[in-house]
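Pasting my_file.cif here (mmCIF, C-alpha atoms):
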```
data_start
loop_
_atom_site.label_atom_id
_atom_site.label_comp_id
_atom_site.auth_asym_id
_atom_site.auth_seq_id
_atom_site.Cartn_x
_atom_site.Cartn_y
_atom_site.Cartn_z
CA MET A 1 -1.52 1.25 -12.61
CA ARG A 2 -3.28 -1.01 -10.09
CA VAL A 3 -2.35 0.09 -6.56
CA LEU A 4 -3.32 -1.37 -3.20
CA ILE A 5 -3.29 0.91 -0.17
CA PHE A 6 -2.46 -1.39 2.73
CA GLY A 7 -3.63 0.36 5.90
CA ALA A 8 -6.41 2.37 4.23
CA SER A 9 -8.44 4.80 6.33
CA THR A 10 -11.73 6.68 6.09
CA ASN A 11 -10.16 9.62 7.97
CA PRO A 12 -9.32 12.47 5.55
CA GLU A 13 -6.54 13.61 7.90
CA ARG A 14 -4.60 10.33 7.51
CA TYR A 15 -1.80 10.06 4.93
CA ALA A 16 -3.34 6.86 3.55
CA PHE A 17 -6.51 8.80 2.71
CA LYS A 18 -4.51 11.64 1.16
CA ALA A 19 -2.60 9.11 -0.95
CA LEU A 20 -5.88 7.56 -2.06
CA SER A 21 -7.20 10.93 -3.22
CA LEU A 22 -4.02 11.75 -5.13
CA LEU A 23 -3.72 8.28 -6.67
CA LYS A 24 -7.28 8.56 -7.99
CA GLU A 25 -6.64 12.10 -9.22
CA LYS A 26 -3.60 10.81 -11.14
CA GLY A 27 -5.73 8.10 -12.77
CA HIS A 28 -4.56 5.00 -10.91
CA GLU A 29 -6.88 2.08 -10.20
CA VAL A 30 -6.91 1.88 -6.41
CA PHE A 31 -7.88 -0.92 -4.03
CA LEU A 32 -8.07 -0.66 -0.25
CA LYS A 33 -7.15 -3.00 2.59
CA GLY A 34 -7.49 -2.01 6.22
CA ASN A 35 -8.26 -3.28 9.68
CA LYS A 36 -11.66 -1.55 9.76
CA ALA A 37 -14.30 -1.79 7.05
CA GLY A 38 -15.56 1.43 5.56
CA ILE A 39 -15.88 3.56 2.46
CA ALA A 40 -13.20 6.04 1.38
CA CYS A 41 -13.55 8.09 -1.82
CA ASP A 42 -16.37 5.76 -2.95
CA LEU A 43 -14.15 2.67 -2.53
CA THR A 44 -14.70 -0.15 -0.04
CA ILE A 45 -11.97 -0.90 2.46
CA GLN A 46 -11.52 -4.67 2.45
CA VAL A 47 -10.77 -6.39 5.76
CA GLY A 48 -9.19 -9.81 6.17
CA THR A 49 -8.85 -10.61 2.48
CA ASN A 50 -5.97 -10.74 0.05
CA ASP A 51 -8.16 -11.36 -2.97
CA PHE A 52 -6.63 -8.66 -5.15
CA ASP A 53 -5.64 -9.43 -8.75
CA HIS A 54 -2.78 -7.96 -10.76
CA ILE A 55 -1.66 -5.39 -8.19
CA HIS A 56 1.44 -3.57 -9.37
CA THR A 57 2.23 -1.58 -6.24
CA VAL A 58 1.34 -1.93 -2.57
CA THR A 59 1.77 1.31 -0.66
CA LEU A 60 2.05 0.57 3.03
CA TYR A 61 0.51 2.65 5.83
CA VAL A 62 0.85 0.12 8.67
CA GLY A 63 3.57 0.50 11.30
CA PRO A 64 6.09 -2.28 11.98
CA GLN A 65 4.23 -3.28 15.16
CA ASN A 66 1.24 -4.25 12.97
CA GLN A 67 3.09 -6.01 10.14
CA GLN A 68 3.02 -9.56 11.58
CA ASN A 69 1.24 -11.06 8.55
CA LEU A 70 2.77 -8.79 5.93
CA LEU A 71 4.95 -11.47 4.28
CA GLU A 72 2.05 -13.89 4.06
CA ASP A 73 -0.25 -11.19 2.67
CA LEU A 74 2.31 -10.09 0.06
CA SER A 75 2.94 -13.67 -1.05
CA GLN A 76 -0.79 -13.95 -1.81
CA ILE A 77 -1.16 -10.51 -3.42
CA LYS A 78 2.07 -10.85 -5.46
CA PRO A 79 2.71 -7.17 -6.26
CA GLU A 80 5.71 -6.03 -8.25
CA ARG A 81 6.65 -3.40 -5.67
CA ILE A 82 5.93 -2.37 -2.09
CA ILE A 83 6.46 1.17 -0.89
CA PHE A 84 7.29 1.56 2.79
CA ASN A 85 6.04 5.05 3.61
CA PRO A 86 7.61 7.07 6.46
CA GLY A 87 6.87 5.36 9.76
CA THR A 88 6.36 1.92 8.18
CA GLU A 89 10.01 1.07 7.52
CA ASN A 90 10.97 -2.45 8.58
CA PRO A 91 14.48 -3.43 7.39
CA LYS A 92 14.12 -6.87 9.01
CA LEU A 93 11.52 -7.73 6.37
CA TYR A 94 13.19 -6.35 3.25
CA ALA A 95 15.33 -9.37 2.35
CA ALA A 96 12.39 -11.76 2.85
CA ILE A 97 10.17 -9.58 0.66
CA GLU A 98 12.83 -9.38 -2.04
CA LYS A 99 13.04 -13.21 -1.99
CA LEU A 100 9.40 -13.12 -3.13
CA ASN A 101 10.63 -11.10 -6.17
CA ILE A 102 8.96 -7.96 -4.88
CA GLU A 103 10.84 -4.68 -5.16
CA VAL A 104 11.18 -2.84 -1.83
CA GLU A 105 11.18 0.96 -1.81
CA GLU A 106 11.44 3.29 1.17
CA ALA A 107 9.66 6.40 -0.02
CA CYS A 108 6.67 8.66 0.45
CA THR A 109 3.87 7.86 -1.98
CA LEU A 110 2.59 11.45 -1.80
CA VAL A 111 6.00 12.87 -2.75
CA LEU A 112 6.45 10.30 -5.53
CA LEU A 113 3.07 11.22 -6.99
CA GLN A 114 3.59 14.98 -6.69
CA THR A 115 7.00 14.76 -8.42
CA ASN A 116 5.82 12.33 -11.15
CA GLN A 117 8.17 9.59 -9.91
CA PHE A 118 5.48 7.12 -8.98
#
```
As a first step, turn the structure in this file into structure tokens.
Amino acid sequence: MRVLIFGASTNPERYAFKALSLLKEKGHEVFLKGNKAGIACDLTIQVGTNDFDHIHTVTLYVGPQNQQNLLEDLSQIKPERIIFNPGTENPKLYAAIEKLNIEVEEACTLVLLQTNQF
């Protein structure tokens, strides 16, 4: 599955980095978008672009205070699903995202992966 980590980090202590490691371990094709360029697990963190093709799932690691452009970004990326991880929940956006025909899920990507529910 093609997965975009939105809010990717080069810091191994961050949940986004842990999700990246586990997604790769489980065989997913992972892409990274963040607010700072860098390399994480041999992948480049893209900044300021939404040029991602055929993304199935966006897993979000950006708090509501930093989600101003989220709708615009998702409308360009066109994923099938977005996972709002703990701390990223934003009920005000859910209906607007669903109008883009994107499934909204409040869940923890790490738990979904570890329980084979991803």
Quiz prompt | Explicit residues for the PyMOL selection byres ((chain A and resi 8) around 8) (as a list of chain:residue names) | solution =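 With the PyMOL selection byres ((chain A and resi 8) around 8) on this model, the match is A:Ile5, A:Phe6, A:Gly7, A:Ser9, A:Thr10, A:Ala16, A:Phe17, A:Leu32, A:Lys33, A:Gly34, A:Ile45, A:Tyr61.
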Quiz prompt | Distance in Å - CA of Asn66 (chain A) versus CA of Phe84 (chain A) | solution = 13.2 Å
Quiz item: Any idea what the distance is between CA of Glu89 (chain A) and CA of Lys26 (chain A)?
Solution: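 Interatomic distance, CA of Glu89 (chain A) to CA of Lys26 (chain A): 25.1 Å.
In this structure, CA of Glu105 (chain A) sits 19.9 Å away from CA of Glu29 (chain A).
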Practice problem: Would you mind listing what lies within 12 Å of Gln114 (chain A) as number ranges by chain, with all atoms listed in the file counted and same-chain residues fewer than 4 positions away left out? | Solution: A: 18-19, 22-23, 25-26, 108-110, 118
Quiz item: Once the PyMOL selection byres ((chain A and resi 81) around 9) has been applied to the shown file, what residues remain in the selection, as an MDAnalysis selection string?
Solution: chainID A and resid 55:59 78:80 82:83 101:105
Quiz item: In terms of the shortest atom-to-atom distance over all atoms listed in the file, which of A:Ala95, A:Leu100, A:Asp73, A:Leu113 is closest to Val47 (chain A)?
Solution: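 Between A:Ala95, A:Leu100, A:Asp73, A:Leu113, the residue approaching Val47 (chain A) most closely is A:Asp73.
For Lys92 (chain A), the set of protein, DNA and RNA residues having any atom at most 12 Å away, when counting only C-alpha atoms and skipping those fewer than 3 positions along the same chain, is Pro64, Gln67, Gln68, Leu70, Leu71, Thr88, Glu89, Ala95, Ala96, Ile97, Glu98 and Val104 of chain A.
In this comparison, which uses only C-alpha atoms, the residue of A:Pro86, A:Gly27, A:Gly38, A:Pro91 approaching Gly63 (chain A) most closely is A:Pro86.
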Exercise. Rank nothing, just name the residue among A:Ala107, A:Ile77, A:Met1, A:Val30 nearest to Thr49 (chain A), using all atoms listed in the file.
Key: A:Ile77
Quiz item: Counting all atoms listed in the file, which of A:Lys24, A:Thr115, A:Val3, A:Leu74 gets nearest to Ala40 (chain A)?
Solution: A:Lys24
